[in-house]
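Asks: For reference, the structure I am asking about is given below.
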Amino acid sequence: MNFNFIIVLDIQFDYKIQDWGISIQDRQDCTRSSKNHFCTFKKRFTFMIFIKKISLVLCVLVGIGCTSNQQFDILILNGTVYDGSLNDPKQIDVGIIQNKIIELGELTDRQALRIIDAKGLVVAPGFIDLHAHLEPIFDLSDCESHVRQGVTTSLGGPDGRGPIPFGMYVDSLAQLGVGMNVGFLVGHNSVRREVMNLDNRKPTPVELQQMKSLVAQAMDEGAFGISTGLKYLPGSFSELEEIVELSKEASKKGGIYTSHIRDEGLEVMASVEEAISISEKADIPVVLTHHKVIGKPMWGKSNETLGLVDQAREKGLNITMDQYPYNASYTGISVLIPAWARAGGNEKFIERLKNPKLRDSIKKGIVFNILNDRGGDDLDRVQFAKVRWMPELEGKTLKYWCELKGLKPTTANGAELVIEAQVKGGASCIFHAMDENDVINIMKHPQTMIASDGRLVKLGDGHPHPRWYGTFPRVLGRYVRERGILSLSEAIYKMTSMPAKVMGLNDRGSIGVGKKADLTIFNSETILDKATFEQPHQYSEGIEYVLINGQLAVDKGEFKPIKSGEVLLKN
């Protein structure tokens with residue numbers, strides 16, 4: 001019986017055998033030694049495995065129906081399936097073989113190597129983080145802090161900080177292996193620094209061409225687009241024409257443009273308008289990344305920034321946003337220092353401080369930013385997160401440091417300590433300078449996606465922003481279940497299908513036959529972020545299973561460091 005079955009398949013799929021790795025010599029040797037039994041048992045077993053793979057591919061890609069006795073690798077039963085669209089959920093089962101969803105429907109009578117009973121649980125596409133700081137990934141390649149949030153795919157290289165040289169970086173990462181799927185943007189700041197260091201000037205024509213070549217090369221090597229960080233050095237020294245010219249190189253290859261806009265405080269309107277202008281002039285989709293309005297004078301202004309987005313879309317421009325669900329930001333303390341004062345790097349900054357007039361101007365600029373921008377008009381709103389030269393400050397505030405040094409907590413004294421911190425090498429800080437009403441307003445906008453702006457982190461390392469651990473569960477627990485700001489379908493859509501579309505990932509971000517088996521299964525009644533600004537090193541609750549390319553990276557709430565992710569390249 002096996003003899004006849006194998007002969008028929010040999011005839012039908014003969015042209016496919018080499019594609020699946022069986023050489024012609026192997027097939028001929030197998031045939032010559034099989035006068036009575038066609039093949040030895042070992043050869044026959046191997047042959048049958050390859051035939052199974054061939055028939056599986058035909059089933060998925062050509063549309064041939066799978067046989068009713070097909071055994072799945074993983075079968076998810078009794079779950080409430082949200083497919084990533086805004087449609088209502090369905091009570092259907094999900095059958096997975098290898099890294100793909102093979103069948104949906106009533107599958108309770110089918111067999112599988114592993115059956116997951118998802119009764120009472122939500123089955124969703126794996127969450128896609130459109131703004132992730134993956135810089136530590138070579139040390140934290142299992143990506144645990146992200147995967148435990150239900151994230152199966154992340155886009156790295158935001159804020160102008162993408163890797164250079166691009167191709168070498170992604171090749172090395174692919175060899176190492178990763179815990180989730182990762183793609184990368186080419187960073188404008190990285191490119192500009194490579195060509196022009198930290199110079200505060202326009203590029204020469206030769207330098208501009210060098211930068212364009214670097215962007216084009218990165219796009220050829222698989223970058224998903226270009227990112228800018230126009231609040232940071234050296235991006236803050238660039239003008240519109242430079243950014244447009246570089247963005248055109250990304251646009252030619254179907255890339256996107258994501259931007260930490262030039263200013264999110266007093267000049268936020270002009271900065272949003274600049275991003276919209278880049279979209280129009282470079283003919284490129286634009287994502288206003290971690291969109292917010294910051295600083296007390298701007299609280300309540302989100303209606304105006306969202307109005308600009310709506311107007312641009314009415315003109316046919318592809319403008320979207322991403323957002324993290326917190327009213328505090330995270331970046332270097334240098335953000336309080338005027339950009340001009342930091343041109344050339346920290347040594348030049350220290351040199352300028354020796355000039356009394358320049359020092360006075362620098363201090364005035366810092367005071368202004370404490371009052372009107374990230375400082376939130378209160379030294380207690382500036383919280384230290386990573387301080388290598390004084391770790392005991394981590395978790396404490398600028399006000400605390402003033403008092404520790406016997407100083408009154410005035411903005412002038414705060415500015416002096418900001419200078420001291422930068423001279424010592426800088427520090428990372430959490431800035432509690434946003435209004436919750438603006439956070440909600442932006443979240444509800446139909447063009448806003450959820451993204452963490454989180455950095456891969458190891459438990460106990462520093463005093464990070466809680467978004468590094470809790471972004472996606474926080475939205476589902478606090479803003480969906482507890483507050484009703486979004487429906488569950490809306491939230492999942494903003495975490496899955498919408499960012500997948502932005503990245504051009506046609507096989508991820510939704511649940512359907514033939515899609516990659518990236519899935520997050522959670523309890524909608526218990527899911528909740530646990531990380532706080534006081535105690536950030538806490539994993540979230542309620543994420544029960546995470547499948548990445550068909551393999552269980554979280555199983556019954558337990559993380560598995562299997563590194564089943566892929567390094568994704570833009571087609």
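In the structure tokens, chains take letters A, B, ... by order of appearance, with residues numbered from 1 within each chain and ligands from 1 in the order shown.
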Enumerate as a ChimeraX atom specification all residues of stretch 274-342 of chain A assigned to helix (DSSP H, G or I) by DSSP on the backbone, naming them with the chain letters and numbers the document uses.
Replies: /A:274-282,296-298,302-314,333-336,339-342
Asks: Might you pull out every residue within 10 Å of stretch 269-277 of chain A, with only C-alpha atoms counted and same-chain residues fewer than 6 positions away left off, and present them as a PyMOL selection string?
Replies: chain A and resi 230+240+243-244+257-263+283-288+291+293+301-302+304-306+308-309+311-313+317-319
Asks: List as a PyMOL selection string the protein and nucleic acid residues near stretch 466-473 of chain A, meaning an atom at most 7 Å away when only C-alpha atoms are counted, but skip any in the same chain fewer than 4 places from it.
Replies: chain A and resi 145-146+149+324-325+452+454-456+477+527-533+536+538-540
Asks: Go ahead and save the picked residues with N, CA, C and O atoms, as an mmCIF file, in the first residue's frame.
Replies:
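Writing done, so here's selection.cif:
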```cif
data_model
loop_
_atom_site.group_PDB
_atom_site.id
_atom_site.type_symbol
_atom_site.label_atom_id
_atom_site.label_comp_id
_atom_site.auth_asym_id
_atom_site.auth_seq_id
_atom_site.Cartn_x
_atom_site.Cartn_y
_atom_site.Cartn_z
ATOM 1 N N SER A 145 11.275 41.382 26.885
ATOM 2 C CA SER A 145 10.437 42.463 27.392
ATOM 3 C C SER A 145 9.369 42.884 26.391
ATOM 4 O O SER A 145 8.322 43.403 26.777
ATOM 5 N N HIS A 146 9.617 42.660 25.113
ATOM 6 C CA HIS A 146 8.620 42.962 24.095
ATOM 7 C C HIS A 146 7.664 41.795 23.876
ATOM 8 O O HIS A 146 6.448 41.971 23.797
ATOM 9 N N GLN A 149 4.743 41.317 26.070
ATOM 10 C CA GLN A 149 3.624 42.236 25.860
ATOM 11 C C GLN A 149 2.698 41.751 24.750
ATOM 12 O O GLN A 149 1.689 42.398 24.465
ATOM 13 N N TYR A 324 2.271 56.133 22.308
ATOM 14 C CA TYR A 324 2.315 55.279 23.496
ATOM 15 C C TYR A 324 1.324 55.833 24.529
ATOM 16 O O TYR A 324 1.084 57.046 24.597
ATOM 17 N N PRO A 325 0.720 54.955 25.346
ATOM 18 C CA PRO A 325 -0.406 55.364 26.206
ATOM 19 C C PRO A 325 0.020 55.877 27.585
ATOM 20 O O PRO A 325 -0.440 55.389 28.628
ATOM 21 N N SER A 452 5.222 51.433 21.173
ATOM 22 C CA SER A 452 5.749 51.574 22.527
ATOM 23 C C SER A 452 6.772 52.681 22.705
ATOM 24 O O SER A 452 6.869 53.266 23.775
ATOM 25 N N GLY A 454 9.473 51.866 23.155
ATOM 26 C CA GLY A 454 10.162 51.189 24.242
ATOM 27 C C GLY A 454 11.478 50.591 23.793
ATOM 28 O O GLY A 454 11.648 50.183 22.644
ATOM 29 N N ARG A 455 12.382 50.516 24.714
ATOM 30 C CA ARG A 455 13.699 49.935 24.472
ATOM 31 C C ARG A 455 13.736 48.537 25.066
ATOM 32 O O ARG A 455 13.192 48.284 26.145
ATOM 33 N N LEU A 456 14.357 47.604 24.361
ATOM 34 C CA LEU A 456 14.554 46.274 24.933
ATOM 35 C C LEU A 456 15.287 46.417 26.264
ATOM 36 O O LEU A 456 16.251 47.184 26.372
ATOM 37 N N GLY A 477 -6.003 46.848 28.825
ATOM 38 C CA GLY A 477 -6.559 46.771 30.168
ATOM 39 C C GLY A 477 -7.171 48.058 30.646
ATOM 40 O O GLY A 477 -8.322 48.091 31.111
ATOM 41 N N ILE A 527 -6.048 41.194 31.503
ATOM 42 C CA ILE A 527 -4.840 41.796 30.945
ATOM 43 C C ILE A 527 -4.627 43.190 31.519
ATOM 44 O O ILE A 527 -5.553 44.001 31.607
ATOM 45 N N LEU A 528 -3.385 43.477 31.925
ATOM 46 C CA LEU A 528 -3.090 44.749 32.578
ATOM 47 C C LEU A 528 -1.579 44.942 32.664
ATOM 48 O O LEU A 528 -0.835 43.991 32.890
ATOM 49 N N ASP A 529 -1.164 46.177 32.481
ATOM 50 C CA ASP A 529 0.237 46.506 32.709
ATOM 51 C C ASP A 529 0.497 46.616 34.204
ATOM 52 O O ASP A 529 -0.346 47.084 34.961
ATOM 53 N N LYS A 530 1.670 46.177 34.626
ATOM 54 C CA LYS A 530 2.047 46.260 36.037
ATOM 55 C C LYS A 530 3.171 47.261 36.276
ATOM 56 O O LYS A 530 3.359 47.738 37.396
ATOM 57 N N ALA A 531 3.944 47.567 35.248
ATOM 58 C CA ALA A 531 5.066 48.492 35.378
ATOM 59 C C ALA A 531 4.559 49.899 35.702
ATOM 60 O O ALA A 531 3.614 50.379 35.080
ATOM 61 N N THR A 532 5.187 50.550 36.654
ATOM 62 C CA THR A 532 4.820 51.910 37.047
ATOM 63 C C THR A 532 6.053 52.808 36.965
ATOM 64 O O THR A 532 7.180 52.335 36.816
ATOM 65 N N PHE A 533 5.837 54.097 37.102
ATOM 66 C CA PHE A 533 6.965 55.028 37.102
ATOM 67 C C PHE A 533 7.823 54.843 38.348
ATOM 68 O O PHE A 533 9.021 55.126 38.331
ATOM 69 N N PRO A 536 9.220 50.220 37.681
ATOM 70 C CA PRO A 536 9.006 49.895 36.256
ATOM 71 C C PRO A 536 9.311 48.453 35.876
ATOM 72 O O PRO A 536 8.772 47.963 34.883
ATOM 73 N N GLN A 538 8.436 45.380 35.881
ATOM 74 C CA GLN A 538 7.387 44.401 36.120
ATOM 75 C C GLN A 538 6.741 44.016 34.793
ATOM 76 O O GLN A 538 6.321 44.884 34.031
ATOM 77 N N TYR A 539 6.668 42.709 34.546
ATOM 78 C CA TYR A 539 5.991 42.232 33.347
ATOM 79 C C TYR A 539 4.481 42.353 33.524
ATOM 80 O O TYR A 539 3.955 42.333 34.643
ATOM 81 N N SER A 540 3.785 42.472 32.413
ATOM 82 C CA SER A 540 2.334 42.615 32.431
ATOM 83 C C SER A 540 1.655 41.275 32.707
ATOM 84 O O SER A 540 2.273 40.208 32.642
#
```
Asks: Rounded to one decimal, what separation in Å do you get between atom CA of A:Leu86 and atom CA of A:Pro446?
Replies: 11.3 Å
Asks: Running DSSP on the backbone, which parts of stretch 76-213 of chain A land in strand (DSSP E or B), as a PyMOL selection string?
Replies: chain A and resi 76-77+80-81+90-91+93-97+100-105+112-117+122-125+127-129+132-133+151-156+181-184+186-187
Asks: Suppose we keep C-alpha atoms; can you now write the selection as a PDB file, in the first residue's frame?
Replies:
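Below is the file that was written, again.pdb:
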```
ATOM      1  CA  ILE A  76      -6.268  26.639  18.828  1.00  0.00           C
ATOM      2  CA  LEU A  77      -9.797  25.760  19.923  1.00  0.00           C
ATOM      3  CA  THR A  80     -12.786  34.419  20.418  1.00  0.00           C
ATOM      4  CA  VAL A  81     -10.966  35.434  17.256  1.00  0.00           C
ATOM      5  CA  LYS A  90     -15.922  35.138  15.686  1.00  0.00           C
ATOM      6  CA  GLN A  91     -15.897  31.883  17.620  1.00  0.00           C
ATOM      7  CA  ASP A  93     -10.738  27.510  15.611  1.00  0.00           C
ATOM      8  CA  VAL A  94      -7.295  28.089  14.138  1.00  0.00           C
ATOM      9  CA  GLY A  95      -5.164  25.323  12.598  1.00  0.00           C
ATOM     10  CA  ILE A  96      -1.428  25.910  12.141  1.00  0.00           C
ATOM     11  CA  ILE A  97       1.214  23.920  10.301  1.00  0.00           C
ATOM     12  CA  LYS A 100       1.346  29.455   8.675  1.00  0.00           C
ATOM     13  CA  ILE A 101      -2.346  29.439   9.445  1.00  0.00           C
ATOM     14  CA  ILE A 102      -3.704  26.600   7.322  1.00  0.00           C
ATOM     15  CA  GLU A 103      -7.360  26.412   8.256  1.00  0.00           C
ATOM     16  CA  LEU A 104     -10.068  28.331  10.122  1.00  0.00           C
ATOM     17  CA  GLY A 105     -13.454  27.054  11.208  1.00  0.00           C
ATOM     18  CA  ALA A 112      -2.685  18.246  16.333  1.00  0.00           C
ATOM     19  CA  LEU A 113       0.675  17.836  17.984  1.00  0.00           C
ATOM     20  CA  ARG A 114      -0.362  20.573  20.413  1.00  0.00           C
ATOM     21  CA  ILE A 115      -3.885  21.712  21.227  1.00  0.00           C
ATOM     22  CA  ILE A 116      -4.488  25.040  22.974  1.00  0.00           C
ATOM     23  CA  ASP A 117      -7.870  25.449  24.614  1.00  0.00           C
ATOM     24  CA  VAL A 122      -9.045  36.435  22.850  1.00  0.00           C
ATOM     25  CA  VAL A 123      -7.089  35.197  19.841  1.00  0.00           C
ATOM     26  CA  ALA A 124      -5.581  38.169  18.008  1.00  0.00           C
ATOM     27  CA  PRO A 125      -2.879  38.751  15.425  1.00  0.00           C
ATOM     28  CA  PHE A 127       0.993  42.960  17.967  1.00  0.00           C
ATOM     29  CA  ILE A 128       3.231  45.032  15.682  1.00  0.00           C
ATOM     30  CA  ASP A 129       5.298  47.765  17.347  1.00  0.00           C
ATOM     31  CA  ALA A 132      10.820  50.181  19.002  1.00  0.00           C
ATOM     32  CA  HIS A 133      14.305  50.928  20.268  1.00  0.00           C
ATOM     33  CA  VAL A 151       4.547  41.835  20.392  1.00  0.00           C
ATOM     34  CA  THR A 152       5.541  39.554  17.518  1.00  0.00           C
ATOM     35  CA  THR A 153       7.005  42.149  15.123  1.00  0.00           C
ATOM     36  CA  SER A 154       8.854  45.412  15.763  1.00  0.00           C
ATOM     37  CA  LEU A 155      10.242  48.157  13.564  1.00  0.00           C
ATOM     38  CA  GLY A 156      13.579  49.475  14.804  1.00  0.00           C
ATOM     39  CA  ASN A 181      10.328  39.522  13.881  1.00  0.00           C
ATOM     40  CA  VAL A 182      12.268  42.733  13.386  1.00  0.00           C
ATOM     41  CA  GLY A 183      12.652  45.225  10.571  1.00  0.00           C
ATOM     42  CA  PHE A 184      14.618  48.459  10.502  1.00  0.00           C
ATOM     43  CA  VAL A 186      17.603  53.849   7.929  1.00  0.00           C
ATOM     44  CA  GLY A 187      18.264  56.781  10.259  1.00  0.00           C
TER      45      GLY A 187
END
```
Asks: Write out as an NGL selection string each polymer residue whose atoms come within 8 Å of A:Gly150, counting only C-alpha atoms; drop sequence neighbours fewer than 6 positions from it.
Replies: :A and (126-127 or 472 or 520-521 or 543 or 546)
Asks: Could you pull the residues within 8 Å of A:Gln383, counting only C-alpha atoms, minus those fewer than 6 positions along the same chain, as a list in words?
Replies: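 With the cut-off at 8 Å, the set is Glu394, Gly395, Lys396, Thr397, Leu398, Cys429, Ile430, Phe431 and His432 of chain A.
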Asks: Find, counting only C-alpha atoms, the residue in A:Glu490, A:Glu482, A:Asp378, A:Glu245 that gets nearest to A:Asp83.
Replies: A:Glu490
Asks: Mind checking which residues fall within 12 Å of A:Ile366, counting only C-alpha atoms, ignoring those fewer than 3 positions away in the same chain, and posting them as an MDAnalysis selection string?
Replies: chainID A and resid 333:339 341 359:363 369:375 377 379 411:419 422
Asks: Filtering to C-alpha atoms, could you give me those residues as an mmCIF file, in the first residue's frame?
Replies:
```cif
data_model
loop_
_atom_site.group_PDB
_atom_site.id
_atom_site.type_symbol
_atom_site.label_atom_id
_atom_site.label_comp_id
_atom_site.auth_asym_id
_atom_site.auth_seq_id
_atom_site.Cartn_x
_atom_site.Cartn_y
_atom_site.Cartn_z
ATOM 1 C CA ILE A 333 18.423 65.247 29.719
ATOM 2 C CA SER A 334 20.195 67.091 26.898
ATOM 3 C CA VAL A 335 16.762 67.735 25.382
ATOM 4 C CA LEU A 336 16.521 70.615 27.878
ATOM 5 C CA ILE A 337 19.670 72.201 26.435
ATOM 6 C CA PRO A 338 19.525 74.393 23.293
ATOM 7 C CA ALA A 339 20.711 72.427 20.266
ATOM 8 C CA ALA A 341 25.054 74.677 22.479
ATOM 9 C CA ARG A 359 27.048 80.017 29.486
ATOM 10 C CA ASP A 360 24.442 82.561 30.454
ATOM 11 C CA SER A 361 22.601 81.986 27.151
ATOM 12 C CA ILE A 362 22.728 78.235 27.653
ATOM 13 C CA LYS A 363 21.336 78.516 31.160
ATOM 14 C CA ASN A 369 12.610 74.584 28.469
ATOM 15 C CA ILE A 370 11.957 73.692 32.098
ATOM 16 C CA LEU A 371 9.125 76.223 32.193
ATOM 17 C CA ASN A 372 7.613 75.656 28.752
ATOM 18 C CA ASP A 373 8.699 72.302 27.383
ATOM 19 C CA ARG A 374 9.797 68.943 28.809
ATOM 20 C CA GLY A 375 10.384 70.374 32.263
ATOM 21 C CA ASP A 377 7.234 73.920 34.910
ATOM 22 C CA LEU A 379 11.547 70.153 38.787
ATOM 23 C CA THR A 411 14.332 76.645 37.820
ATOM 24 C CA ALA A 412 17.686 78.460 37.877
ATOM 25 C CA ASN A 413 19.210 75.876 40.200
ATOM 26 C CA GLY A 414 17.615 73.131 38.173
ATOM 27 C CA ALA A 415 19.279 74.531 35.064
ATOM 28 C CA GLU A 416 22.656 74.491 36.794
ATOM 29 C CA LEU A 417 22.215 70.807 37.615
ATOM 30 C CA VAL A 418 21.180 70.026 34.037
ATOM 31 C CA ILE A 419 24.474 71.557 32.930
ATOM 32 C CA GLN A 422 25.535 66.956 30.759
#
```
Asks: Write out as a ChimeraX atom specification each polymer residue whose atoms come within 6 Å of stretch 499-512 of chain A, counting only C-alpha atoms; drop sequence neighbours fewer than 2 positions from it.
Replies: /A:83-84,125,496-497,515-516
Asks: Ranking A:Asp159, A:Glu436, A:Glu221, A:Glu106 by minimum distance to A:Leu568 and counting only C-alpha atoms, which one comes first?
Replies: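 Closest candidate: A:Glu221.
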